[in-house]
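Encoded as structure tokens, the structure appears first; notes follow it.
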Amino acid sequence: MPRRFLVKIIWLSCVLFSVSTTAQDKASNTKIDTSQTVWMDEWHQTLSAKFNEQAQAIDGWFSDSDIPNQSAGASGKIRLGWEPRSTDLAGFDTRFRIKFALPSLKNRVDLLLSDDEDENLEDNIRTSREIDSQEQNTTLALRFFSPNFEQVSYRIGFGRKDQVFARATYRDYYKLNEKATLLYDTQAYYYNRDRWGTEAGASILYERSGKVLDRLNHRWYFSDKDNEFKWRLEAQRYTRLGPQSTWINTVYFSGYSRPNLHTEQVLISTKLRSNPLRKWLFFEVEPYVLWLKKEDFKATYGIALRFEAFYGKGNAFNF
């Protein structure tokens, strides 16, 4: 069963890669008539307009004027996927993130709404993410930027099954040389039921060439409630195949410190990410192999099929 499933995964990946490459070739050789708006453009415009209206209404709460501030707006993304594996064919996954920019607060405060408090986990396989972020769900928070330190921000809001929380974050980077950059951050937070927690992480980005980028990420979490550390280690290579496609290879480990330092899961995946139709609409195909401690580290094979839509002013349409 696993071998047949893996063969099907490889075959389907090759087919989808071929389709994506063909679509890119056609897109690069065909002039698009921008005067003709198709249904997906109408959907994208309507979605952006609705969220912008909400942002202007929220911004109006903090403004002395009755006229909506047109510079208030929202940006974010919606991510839908199907991630079946040999032991679980369901595996449907939905992700979303919305940021409301509020100029009436001098752009020092954002309103954030997402389905998870940790943006570092948003690209992981659903089954893998469930191990790393137990009890995570919709998070609503106000993010404040420090007036004195650009690297410092604060959040207050609701998350982890309607707990009230407060968080302080320090995030910065250091240029090691022309090709290598160190990104690092540390956070401290308090939840009314889970109590105190801290986390710290560092990533090294190494640009081998204009088309190849390596990333090594290591992160530690400490929970006061459970009195244990959680850790994860991830290595990735990004290879740009063209102006609209990137190939991403990933090796991922995570585990806990109690009863002793051990590994809970291992994940190996290879992902094609492409936006051949619109700059704001991405498609992903990601075959993967997953080993879980709760399944006695028996290898399971799967494939993730996703699409991701970005919207809003100033949103980064990137890989």
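Chain lettering (A, B, ...) mirrors the order of the structure tokens, residue numbering begins at 1 for each chain separately, and ligand numbering begins at 1 in order of display.
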Give me the residues near Trp196 (chain A) as a PyMOL selection string, where near means some atom within 12 Å (using only C-alpha atoms) and where sequence neighbours in that chain fewer than 6 positions away do not count. chain A and resi 165-168+187-190+221-228
Non-local contacts of region 283-289 of chain A (8 Å; only C-alpha atoms; under 4 positions in same chain excluded) as a JSON list (two decimals) with N, CA and C atoms, in the first residue's frame:
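The result, stored in selection22.json:
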```json
[["chain", "number", "residue", "atom", "x", "y", "z"],
["A", 9, "ILE", "N", 2.03, 9.31, -5.93],
["A", 9, "ILE", "CA", 2.44, 10.66, -5.55],
["A", 9, "ILE", "C", 3.47, 11.19, -6.54],
["A", 10, "ILE", "N", 4.50, 10.40, -6.84],
["A", 10, "ILE", "CA", 5.54, 10.83, -7.76],
["A", 10, "ILE", "C", 4.96, 11.10, -9.14],
["A", 13, "SER", "N", 2.91, 14.29, -9.07],
["A", 13, "SER", "CA", 3.79, 15.46, -8.97],
["A", 13, "SER", "C", 4.38, 15.82, -10.32],
["A", 16, "LEU", "N", 1.61, 17.43, -12.50],
["A", 16, "LEU", "CA", 1.31, 18.80, -12.09],
["A", 16, "LEU", "C", 2.45, 19.74, -12.39],
["A", 267, "LEU", "N", 10.11, 14.95, 9.24],
["A", 267, "LEU", "CA", 9.41, 15.20, 7.99],
["A", 267, "LEU", "C", 10.40, 15.52, 6.89],
["A", 268, "ILE", "N", 10.24, 14.89, 5.73],
["A", 268, "ILE", "CA", 11.02, 15.22, 4.54],
["A", 268, "ILE", "C", 10.03, 15.52, 3.42],
["A", 269, "SER", "N", 10.21, 16.64, 2.75],
["A", 269, "SER", "CA", 9.27, 17.00, 1.69],
["A", 269, "SER", "C", 10.00, 17.75, 0.57],
["A", 270, "THR", "N", 9.36, 17.75, -0.59],
["A", 270, "THR", "CA", 9.83, 18.56, -1.71],
["A", 270, "THR", "C", 8.61, 19.24, -2.31],
["A", 271, "LYS", "N", 8.70, 20.55, -2.51],
["A", 271, "LYS", "CA", 7.51, 21.33, -2.86],
["A", 271, "LYS", "C", 7.76, 22.20, -4.08],
["A", 272, "LEU", "N", 6.79, 22.20, -4.99],
["A", 272, "LEU", "CA", 6.77, 23.14, -6.11],
["A", 272, "LEU", "C", 5.76, 24.22, -5.80],
["A", 273, "ARG", "N", 6.19, 25.47, -5.81],
["A", 273, "ARG", "CA", 5.32, 26.62, -5.54],
["A", 273, "ARG", "C", 5.35, 27.53, -6.77],
["A", 274, "SER", "N", 4.17, 27.82, -7.31],
["A", 274, "SER", "CA", 4.13, 28.56, -8.56],
["A", 274, "SER", "C", 2.89, 29.44, -8.63],
["A", 275, "ASN", "N", 3.00, 30.55, -9.36],
["A", 275, "ASN", "CA", 1.84, 31.43, -9.60],
["A", 275, "ASN", "C", 1.74, 31.77, -11.09],
["A", 299, "ALA", "N", 7.03, 4.97, 8.64],
["A", 299, "ALA", "CA", 6.96, 5.97, 7.57],
["A", 299, "ALA", "C", 5.58, 5.97, 6.93],
["A", 300, "THR", "N", 5.01, 7.16, 6.77],
["A", 300, "THR", "CA", 3.78, 7.34, 6.01],
["A", 300, "THR", "C", 4.05, 8.33, 4.89],
["A", 301, "TYR", "N", 3.40, 8.10, 3.74],
["A", 301, "TYR", "CA", 3.66, 8.89, 2.54],
["A", 301, "TYR", "C", 2.43, 9.71, 2.20],
["A", 302, "GLY", "N", 2.66, 10.92, 1.78],
["A", 302, "GLY", "CA", 1.54, 11.78, 1.46],
["A", 302, "GLY", "C", 1.89, 12.82, 0.42],
["A", 303, "ILE", "N", 0.89, 13.60, 0.07],
["A", 303, "ILE", "CA", 1.08, 14.69, -0.87],
["A", 303, "ILE", "C", 0.14, 15.82, -0.47],
["A", 304, "ALA", "N", 0.65, 17.03, -0.51],
["A", 304, "ALA", "CA", -0.16, 18.21, -0.19],
["A", 304, "ALA", "C", -0.44, 18.98, -1.48],
["A", 305, "LEU", "N", -1.71, 19.27, -1.70],
["A", 305, "LEU", "CA", -2.14, 20.07, -2.86],
["A", 305, "LEU", "C", -2.83, 21.31, -2.31],
["A", 306, "ARG", "N", -2.33, 22.49, -2.62],
["A", 306, "ARG", "CA", -2.85, 23.71, -2.01],
["A", 306, "ARG", "C", -2.97, 24.83, -3.04],
["A", 307, "PHE", "N", -3.82, 25.81, -2.68],
["A", 307, "PHE", "CA", -3.74, 27.10, -3.35],
["A", 307, "PHE", "C", -3.83, 28.18, -2.28],
["A", 308, "GLU", "N", -3.15, 29.30, -2.56],
["A", 308, "GLU", "CA", -3.01, 30.38, -1.59],
["A", 308, "GLU", "C", -3.27, 31.70, -2.29]]
```
Nearest to Ser65 (chain A) by atom-to-atom distance, counting only C-alpha atoms, from A:Ser104, A:Thr94, A:Gln163, A:Asn249: A:Ser104
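The closest residue to Leu140 (chain A), picked from A:Lys77, A:Lys175, A:Lys50, A:Lys99 and counting only C-alpha atoms, is A:Lys99.
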Find the spatial neighbours of Asp115 (chain A), counting only C-alpha atoms, within a cut-off of 7 Å - ignore same-chain residues fewer than 6 positions away - and output them as a PyMOL selection string. chain A and resi 95-97+137-139
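CA of Thr87 (chain A) to CA of Gly255 (chain A) spans 21.5 Å [interatomic distance, one decimal].
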Helix (DSSP H, G or I) call set, DSSP backbone run, region 97-212 of chain A, as a PDB file with C-alpha atoms, in the first residue's frame:
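Writing done, so here's result27.pdb:
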```
ATOM      1  CA  PRO A 103      -3.737  55.119  10.208  1.00  0.00           C
ATOM      2  CA  SER A 104      -5.777  56.938  12.872  1.00  0.00           C
ATOM      3  CA  LEU A 105      -3.444  55.305  15.389  1.00  0.00           C
ATOM      4  CA  GLU A 119       3.289  32.575  11.792  1.00  0.00           C
ATOM      5  CA  ASN A 120       6.397  30.383  11.800  1.00  0.00           C
ATOM      6  CA  LEU A 121       4.233  27.267  11.477  1.00  0.00           C
ATOM      7  CA  ARG A 126      -1.093  19.976   8.807  1.00  0.00           C
ATOM      8  CA  THR A 127      -0.313  16.727  10.644  1.00  0.00           C
ATOM      9  CA  SER A 128       3.132  18.036  11.513  1.00  0.00           C
ATOM     10  CA  ARG A 129       1.723  21.345  12.715  1.00  0.00           C
ATOM     11  CA  GLU A 130      -0.829  19.626  14.972  1.00  0.00           C
ATOM     12  CA  ILE A 131       2.023  18.123  16.974  1.00  0.00           C
ATOM     13  CA  ASP A 132       3.794  21.469  17.269  1.00  0.00           C
TER      14      ASP A 132
END
```
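The nearest approach to Trp291 (chain A) among the residues A:Tyr311, A:Tyr206, A:Trp39, A:Phe253, with only C-alpha atoms taken into account, belongs to A:Phe253.
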